[in-house]
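Pasting my_file_22.csv here (CSV, C-alpha atoms):
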chain,number,residue,atom,x,y,z
A,8,MET,CA,38.2,-44.0,47.5
A,9,LYS,CA,39.7,-41.1,49.4
A,10,LYS,CA,38.2,-38.7,46.7
A,11,LEU,CA,34.8,-40.4,47.0
A,12,THR,CA,34.9,-40.0,50.8
A,13,THR,CA,35.8,-36.4,50.6
A,14,LEU,CA,33.0,-35.8,48.1
A,15,LEU,CA,30.5,-37.5,50.3
A,16,PHE,CA,31.6,-35.4,53.3
A,17,VAL,CA,31.2,-32.2,51.2
A,18,VAL,CA,27.7,-33.2,50.1
A,19,LEU,CA,26.7,-34.0,53.7
A,20,CYS,CA,28.0,-30.7,54.9
A,21,ALA,CA,26.0,-28.9,52.2
A,22,LEU,CA,22.8,-30.8,53.2
A,23,ALA,CA,23.3,-30.2,57.0
A,24,PRO,CA,21.8,-26.6,56.9
A,25,LEU,CA,18.8,-27.9,55.0
A,26,ARG,CA,18.2,-30.6,57.7
A,27,ALA,CA,18.6,-28.0,60.4
A,28,LEU,CA,15.9,-25.9,58.7
A,29,ALA,CA,13.3,-28.6,59.0
A,30,ALA,CA,11.0,-28.1,61.9
A,31,GLU,CA,9.3,-30.8,63.9
A,32,PRO,CA,5.6,-31.1,63.0
A,33,PHE,CA,3.0,-30.1,65.6
A,34,PHE,CA,-0.8,-29.9,65.7
A,35,PHE,CA,-3.4,-27.5,66.9
A,36,VAL,CA,-7.1,-27.7,67.5
A,37,GLN,CA,-9.7,-25.3,66.0
A,38,LEU,CA,-13.1,-25.1,67.7
A,39,SER,CA,-15.9,-22.9,66.4
A,40,ASP,CA,-19.3,-21.7,67.6
A,41,PRO,CA,-19.6,-23.1,71.2
A,42,GLN,CA,-22.4,-20.5,71.3
A,43,MET,CA,-23.7,-21.0,74.8
A,44,GLY,CA,-27.5,-20.9,74.6
A,45,MET,CA,-28.1,-21.7,70.9
A,46,PHE,CA,-29.5,-25.3,71.4
A,47,SER,CA,-32.4,-24.0,73.5
A,48,ASP,CA,-32.8,-20.5,72.0
A,49,ASN,CA,-31.3,-18.9,75.2
A,50,ARG,CA,-33.6,-20.7,77.7
A,51,ASP,CA,-30.5,-22.5,79.1
A,52,PHE,CA,-27.1,-23.7,77.9
A,53,ALA,CA,-27.1,-27.3,79.1
A,54,GLN,CA,-26.4,-29.0,75.8
A,55,ASP,CA,-24.0,-26.3,74.6
A,56,ALA,CA,-22.0,-26.7,77.8
A,57,ALA,CA,-22.0,-30.5,77.6
A,58,ASN,CA,-20.6,-30.4,74.0
A,59,PHE,CA,-18.0,-27.9,75.0
A,60,GLU,CA,-16.9,-29.8,78.1
A,61,PHE,CA,-16.6,-33.0,76.1
A,62,ALA,CA,-14.3,-31.2,73.6
A,63,VAL,CA,-12.2,-29.7,76.4
A,64,THR,CA,-11.7,-33.2,77.9
A,65,ALA,CA,-10.4,-34.4,74.5
A,66,ILE,CA,-8.1,-31.3,74.2
A,67,ASN,CA,-6.5,-32.1,77.5
A,68,ARG,CA,-6.0,-35.7,76.4
A,69,LEU,CA,-4.6,-34.9,72.9
A,70,ARG,CA,-2.3,-32.0,74.1
A,71,PRO,CA,-2.3,-29.7,71.0
A,72,ALA,CA,0.3,-26.9,70.8
A,73,PHE,CA,-2.6,-24.5,71.1
A,74,VAL,CA,-6.4,-24.1,70.6
A,75,VAL,CA,-8.2,-21.5,68.5
A,76,ILE,CA,-11.9,-20.8,69.1
A,77,THR,CA,-13.2,-19.0,66.0
A,78,GLY,CA,-16.1,-17.0,67.4
A,79,ASP,CA,-19.7,-17.1,68.6
A,80,LEU,CA,-18.6,-17.9,72.1
A,81,VAL,CA,-22.1,-17.1,73.3
A,82,ASN,CA,-25.5,-16.9,71.6
A,83,LYS,CA,-26.7,-13.7,73.1
A,84,SER,CA,-24.3,-10.8,73.1
A,85,GLY,CA,-23.6,-9.4,76.6
A,86,ASP,CA,-25.5,-12.2,78.4
A,87,VAL,CA,-23.8,-12.5,81.8
A,88,ALA,CA,-24.7,-16.2,82.4
A,89,GLN,CA,-23.7,-17.3,79.0
A,90,ILE,CA,-20.4,-15.5,79.2
A,91,ALA,CA,-19.6,-16.9,82.6
A,92,GLU,CA,-20.3,-20.4,81.4
A,93,TYR,CA,-18.1,-20.0,78.4
A,94,LEU,CA,-15.2,-18.7,80.6
A,95,ARG,CA,-15.8,-21.4,83.2
A,96,ILE,CA,-15.4,-24.2,80.7
A,97,THR,CA,-12.5,-22.6,78.8
A,98,LYS,CA,-10.6,-22.4,82.0
A,99,LYS,CA,-10.7,-26.2,82.3
A,100,ILE,CA,-8.3,-26.4,79.4
A,101,ASP,CA,-4.8,-27.2,80.8
A,102,THR,CA,-3.0,-23.9,81.4
A,103,ALA,CA,0.0,-25.3,79.5
A,104,ILE,CA,-2.1,-25.2,76.3
A,105,PRO,CA,-2.6,-21.6,75.0
A,106,VAL,CA,-6.2,-20.8,74.1
A,107,TYR,CA,-7.0,-18.0,71.5
A,108,SER,CA,-10.6,-16.8,71.5
A,109,ILE,CA,-11.9,-14.7,68.5
A,110,PRO,CA,-15.1,-12.7,68.4
A,111,GLY,CA,-18.1,-13.7,66.3
A,112,ASN,CA,-21.2,-11.8,65.4
A,113,HIS,CA,-23.1,-13.1,68.4
A,114,ASP,CA,-20.3,-11.8,70.6
A,115,VAL,CA,-20.1,-8.2,69.3
A,116,GLY,CA,-23.5,-7.9,67.7
A,117,ASN,CA,-24.7,-8.6,64.1
A,118,VAL,CA,-24.1,-4.9,63.4
A,119,PRO,CA,-21.2,-4.2,65.7
A,120,SER,CA,-20.7,-0.8,67.2
A,121,SER,CA,-17.6,0.7,68.8
A,122,MET,CA,-19.2,0.1,72.2
A,123,GLY,CA,-20.0,-3.6,71.3
A,124,VAL,CA,-16.3,-4.2,70.3
A,125,ALA,CA,-15.1,-2.4,73.4
A,126,ASN,CA,-17.4,-4.5,75.6
A,127,TYR,CA,-16.0,-7.7,74.0
A,128,VAL,CA,-12.4,-6.5,74.6
A,129,LYS,CA,-13.1,-5.8,78.2
A,130,ILE,CA,-14.5,-9.3,78.9
A,131,PHE,CA,-12.5,-11.5,76.5
A,132,GLY,CA,-9.4,-9.6,75.5
A,133,PRO,CA,-8.2,-8.2,72.2
A,134,ASP,CA,-10.5,-8.7,69.2
A,135,HIS,CA,-7.6,-8.9,66.8
A,136,TYR,CA,-4.0,-10.0,67.5
A,137,VAL,CA,-1.1,-12.1,66.4
A,138,PHE,CA,0.2,-15.3,68.1
A,139,LYS,CA,3.2,-17.4,67.2
A,140,HIS,CA,4.5,-20.9,67.6
A,141,GLN,CA,7.7,-22.4,66.1
A,142,GLY,CA,7.7,-20.2,63.0
A,143,PHE,CA,3.9,-20.4,62.7
A,144,VAL,CA,2.2,-17.0,62.7
A,145,GLY,CA,-1.5,-16.9,63.5
A,146,VAL,CA,-3.4,-13.8,62.7
A,147,ALA,CA,-6.8,-13.5,64.5
A,148,LEU,CA,-9.3,-11.0,63.1
A,149,ASN,CA,-12.6,-9.5,64.1
A,150,SER,CA,-14.5,-10.5,61.0
A,151,THR,CA,-17.8,-8.9,62.0
A,152,VAL,CA,-16.4,-5.4,61.5
A,153,ILE,CA,-15.4,-6.5,58.0
A,154,HIS,CA,-18.7,-8.1,57.3
A,155,THR,CA,-21.0,-5.3,58.6
A,156,PRO,CA,-18.9,-2.2,59.3
A,157,GLN,CA,-21.3,0.6,59.1
A,158,TYR,CA,-21.3,1.4,62.8
A,159,ALA,CA,-17.6,0.4,63.3
A,160,THR,CA,-15.8,2.2,60.5
A,161,GLU,CA,-13.0,3.3,62.8
A,162,GLU,CA,-12.5,-0.3,64.1
A,163,LEU,CA,-12.5,-1.6,60.5
A,164,ALA,CA,-9.9,1.0,59.3
A,165,ALA,CA,-7.6,0.4,62.4
A,166,GLN,CA,-7.7,-3.3,62.0
A,167,GLU,CA,-6.9,-3.2,58.3
A,168,SER,CA,-3.9,-0.9,58.9
A,169,TRP,CA,-2.7,-3.2,61.7
A,170,LEU,CA,-3.2,-6.3,59.5
A,171,ARG,CA,-1.2,-4.9,56.7
A,172,ALA,CA,1.7,-4.1,59.0
A,173,GLU,CA,1.6,-7.5,60.7
A,174,LEU,CA,1.5,-9.4,57.5
A,175,ALA,CA,4.4,-7.5,56.1
A,176,LYS,CA,6.3,-8.2,59.3
A,177,ALA,CA,5.5,-11.9,59.2
A,178,LYS,CA,6.5,-12.2,55.6
A,179,SER,CA,9.8,-10.3,56.0
A,180,GLY,CA,10.6,-12.3,59.1
A,181,GLY,CA,10.5,-15.6,57.2
A,182,ALA,CA,7.5,-17.2,58.9
A,183,ARG,CA,7.0,-20.8,57.8
A,184,HIS,CA,3.2,-20.4,57.8
A,185,ILE,CA,1.1,-17.2,58.0
A,186,VAL,CA,-2.5,-18.4,58.9
A,187,VAL,CA,-5.6,-16.2,59.2
A,188,PHE,CA,-8.3,-17.1,61.7
A,189,GLN,CA,-11.7,-15.4,62.0
A,190,HIS,CA,-15.4,-16.1,62.5
A,191,HIS,CA,-17.0,-15.4,59.1
A,192,PRO,CA,-15.8,-17.4,56.1
A,193,TRP,CA,-14.4,-15.4,53.2
A,194,PHE,CA,-16.5,-17.5,50.9
A,195,LEU,CA,-18.2,-20.9,50.9
A,196,ALA,CA,-17.4,-22.4,47.5
A,197,SER,CA,-16.0,-19.7,45.2
A,198,ALA,CA,-14.2,-16.4,45.8
A,199,THR,CA,-16.5,-14.7,43.4
A,200,GLU,CA,-19.8,-16.0,44.7
A,201,PRO,CA,-22.6,-13.6,45.5
A,202,ASP,CA,-22.9,-12.0,49.0
A,203,GLN,CA,-25.0,-13.8,51.6
A,204,TYR,CA,-25.2,-14.1,55.4
A,205,PHE,CA,-22.5,-16.6,55.7
A,206,ASN,CA,-19.7,-15.0,53.6
A,207,ILE,CA,-17.8,-11.7,53.6
A,208,PRO,CA,-19.2,-9.2,51.1
A,209,LEU,CA,-17.5,-9.2,47.8
A,210,VAL,CA,-16.6,-5.5,47.9
A,211,ARG,CA,-14.2,-6.2,50.8
A,212,ARG,CA,-13.6,-9.9,50.2
A,213,THR,CA,-11.7,-9.3,46.9
A,214,SER,CA,-9.1,-6.8,48.3
A,215,TYR,CA,-8.5,-8.9,51.4
A,216,LEU,CA,-7.9,-12.1,49.5
A,217,ALA,CA,-5.5,-10.2,47.2
A,218,LEU,CA,-3.6,-8.9,50.3
A,219,PHE,CA,-3.4,-12.5,51.7
A,220,ARG,CA,-1.9,-13.9,48.5
A,221,GLU,CA,0.6,-11.0,48.2
A,222,SER,CA,1.6,-11.6,51.9
A,223,GLY,CA,2.3,-15.3,51.6
A,224,VAL,CA,-0.8,-16.5,53.4
A,225,ARG,CA,-2.1,-19.9,52.3
A,226,TYR,CA,-4.6,-21.0,54.9
A,227,LEU,CA,-7.8,-19.3,56.1
A,228,PHE,CA,-9.7,-20.9,59.0
A,229,SER,CA,-13.2,-19.8,60.0
A,230,GLY,CA,-16.5,-21.0,61.4
A,231,HIS,CA,-20.0,-19.3,61.5
A,232,TYR,CA,-21.5,-21.7,58.9
A,233,HIS,CA,-22.3,-24.4,61.5
A,234,ARG,CA,-21.2,-27.1,59.1
A,235,ASN,CA,-18.0,-27.9,57.2
A,236,ALA,CA,-16.9,-26.6,53.8
A,237,GLU,CA,-13.7,-25.9,51.9
A,238,GLY,CA,-12.9,-23.7,48.9
A,239,HIS,CA,-9.9,-22.4,47.1
A,240,ASP,CA,-8.8,-19.2,45.5
A,241,GLY,CA,-5.5,-19.7,43.8
A,242,VAL,CA,-3.0,-20.7,46.5
A,243,LEU,CA,-5.5,-19.8,49.3
A,244,VAL,CA,-7.2,-22.7,51.1
A,245,ASN,CA,-10.5,-21.5,52.7
A,246,ILE,CA,-11.4,-23.9,55.5
A,247,ILE,CA,-14.8,-23.6,57.3
A,248,THR,CA,-15.2,-25.6,60.5
A,249,GLY,CA,-18.4,-27.0,61.8
A,250,PRO,CA,-19.5,-26.1,65.4
A,251,VAL,CA,-18.6,-27.7,68.6
A,252,GLY,CA,-22.1,-26.4,69.6
A,253,LYS,CA,-25.3,-26.7,67.6
A,254,PRO,CA,-24.9,-27.8,63.9
A,255,LEU,CA,-27.1,-26.9,61.0
A,256,GLY,CA,-27.9,-28.5,57.7
A,257,GLY,CA,-27.5,-32.1,58.9
A,258,ALA,CA,-24.0,-31.6,60.1
A,259,LYS,CA,-22.5,-33.0,63.3
A,260,SER,CA,-20.9,-31.2,66.3
A,261,GLY,CA,-17.1,-31.6,66.4
A,262,LEU,CA,-13.7,-30.0,66.2
A,263,ARG,CA,-10.9,-29.7,63.7
A,264,VAL,CA,-7.3,-31.0,64.1
A,265,ALA,CA,-4.6,-29.4,62.0
A,266,ILE,CA,-1.1,-30.9,61.6
A,267,VAL,CA,1.5,-28.2,60.7
A,268,ARG,CA,4.4,-29.4,58.6
A,269,ASP,CA,7.1,-27.4,56.9
A,270,ASP,CA,5.3,-27.1,53.6
A,271,VAL,CA,1.7,-28.0,54.3
A,272,ILE,CA,-1.0,-28.0,56.9
A,273,GLU,CA,-3.1,-31.2,57.0
A,274,HIS,CA,-6.4,-30.9,58.6
A,275,ARG,CA,-9.4,-33.1,59.5
A,276,TYR,CA,-12.7,-32.5,61.2
A,277,TYR,CA,-13.7,-35.0,63.9
A,278,GLU,CA,-17.2,-35.4,65.1
A,279,LEU,CA,-17.5,-35.5,68.8
A,280,GLY,CA,-18.4,-39.2,68.8
A,281,ASP,CA,-15.3,-40.0,66.6
A,282,LEU,CA,-12.5,-38.2,68.4
A,283,PRO,CA,-9.1,-39.9,68.3
A,284,VAL,CA,-7.2,-41.2,71.3
A,285,LYS,CA,-4.1,-39.5,70.0
A,286,ILE,CA,-2.8,-37.6,67.0
A,287,GLU,CA,-0.1,-39.3,64.9
A,288,LEU,CA,2.4,-36.8,63.6
A,289,ALA,CA,4.4,-39.2,61.4
A,290,PRO,CA,4.0,-38.3,57.7
A,291,PRO,CA,1.7,-40.5,55.7
A,292,ALA,CA,3.3,-43.1,53.3
A,293,SER,CA,1.9,-41.1,50.3
A,294,LYS,CA,1.0,-37.5,49.6
A,295,PRO,CA,-2.1,-36.7,51.6
A,296,ALA,CA,-5.4,-35.8,50.0
A,297,ALA,CA,-7.1,-32.6,50.7
A,298,GLY,CA,-8.2,-32.2,54.3
A,299,LYS,CA,-11.3,-34.1,55.2
A,300,ASN,CA,-14.1,-31.6,55.9
Represent the structure from my file as structure tokens, please.
Amino acid sequence: MKKLTTLLFVVLCALAPLRALAAEPFFFVQLSDPQMGMFSDNRDFAQDAANFEFAVTAINRLRPAFVVITGDLVNKSGDVAQIAEYLRITKKIDTAIPVYSIPGNHDVGNVPSSMGVANYVKIFGPDHYVFKHQGFVGVALNSTVIHTPQYATEELAAQESWLRAELAKAKSGGARHIVVFQHHPWFLASATEPDQYFNIPLVRRTSYLALFRESGVRYLFSGHYHRNAEGHDGVLVNIITGPVGKPLGGAKSGLRVAIVRDDVIEHRYYELGDLPVKIELAPPASKPAAGKN
């Protein structure tokens, strides 16, 4: 009996470090395309603002660890009234909840220039950056300079150099999850699909996806499509989130909730009329299916 007790003690001591490594799950909210002015083609932004305010009320109730807004903050680049409305509503999010805004093509221009990027930075803050939360490393990118770089070649090169350094740092630092957020989807269904308005051109897509796989990235979150989609490229999960603003293709306005666990990120898109009262973080009884689009 004494030997059995000693053996049990040794086993428990060996397992203790593993238990210590397990992190508590948390969740974040991803919004995309609030796009002030899109519903009315820039005549006003009444409906866009109503949707965004509704989402903000839900965020303040749900209390996520942070919020990521993946681009197209406004519909008309540089429009003073649209920008002011976006900032007014965003400031209603409780200050205890970090908010990370990312530029879209409507924010910096469909064909961005150095001046367009500089104007965005002056108003909204950095166009690419890293943020962290409990071993989670979020990488925010300006995808428009990747998609259409001809007048922003210096910005493209600088961002790529910075990205490689940050991914290497996150990997060597033992990040639990390295997650990339941007406006444009890398692809809609297949990593080898032809170029189109809604995806990143294949000539750059291929090298970036390879970099992500090499760097330990598993999840890519984007918007731009104004509807939901999900695709895979090896270990990479490419998650496209529908708009909190105006949807397309029969989709519904909403937001995405992502639960971050040690080994997986579970995610679900909620339409604005179907938002939960709270988010349950307890693990499901069985292995979860792929995230509901």
What are the closest atom pairs, with distances in Å to one decimal, for all residues of region 205-234 of chain A lying within 12 Å of region 109-128 of chain A? Consider only C-alpha atoms, order rows by chain and residue number, and present the result as a Markdown table.
| residue | atom | partner | partner_atom | distance |
| --- | --- | --- | --- | --- |
| A:Phe205 | CA | A:Asn112 | CA | 10.9 |
| A:Phe228 | CA | A:Ile109 | CA | 11.6 |
| A:Ser229 | CA | A:Ile109 | CA | 10.0 |
| A:Gly230 | CA | A:Gly111 | CA | 8.9 |
| A:His231 | CA | A:Gly111 | CA | 7.6 |
| A:Tyr232 | CA | A:Gly111 | CA | 11.4 |
Test item: residues at most 12 Å from Val284 (chain A), all atoms listed in the file, excluding those fewer than 4 positions along its chain, as a ChimeraX atom specification: /A:64-70,277,280
How close does region 30-49 of chain A get to region 97-108 of chain A? List, as a tab-separated table, each residue of region 30-49 of chain A within 10 Å, its nearest atom pair and the distance in Å to one decimal, counting all atoms listed in the file.
residue	atom	partner	partner_atom	distance
A:Phe35	CA	A:Ile104	CA	9.8
A:Val36	CA	A:Val106	CA	9.6
A:Gln37	CA	A:Tyr107	CA	9.5
A:Leu38	CA	A:Ser108	CA	9.5
A:Ser39	CA	A:Ser108	CA	9.6
What is the distance between CA of Phe131 (chain A) and CA of Ile90 (chain A), in Å to one decimal?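 Separating CA of Phe131 (chain A) from CA of Ile90 (chain A) is a distance of 9.3 Å.
For Glu162 (chain A), the residues within 8 Å (counting all atoms listed in the file, excluding itself and residues fewer than 3 positions away along the chain) are Ser121, Val152, Ala159, Ala165 and Gln166 of chain A.
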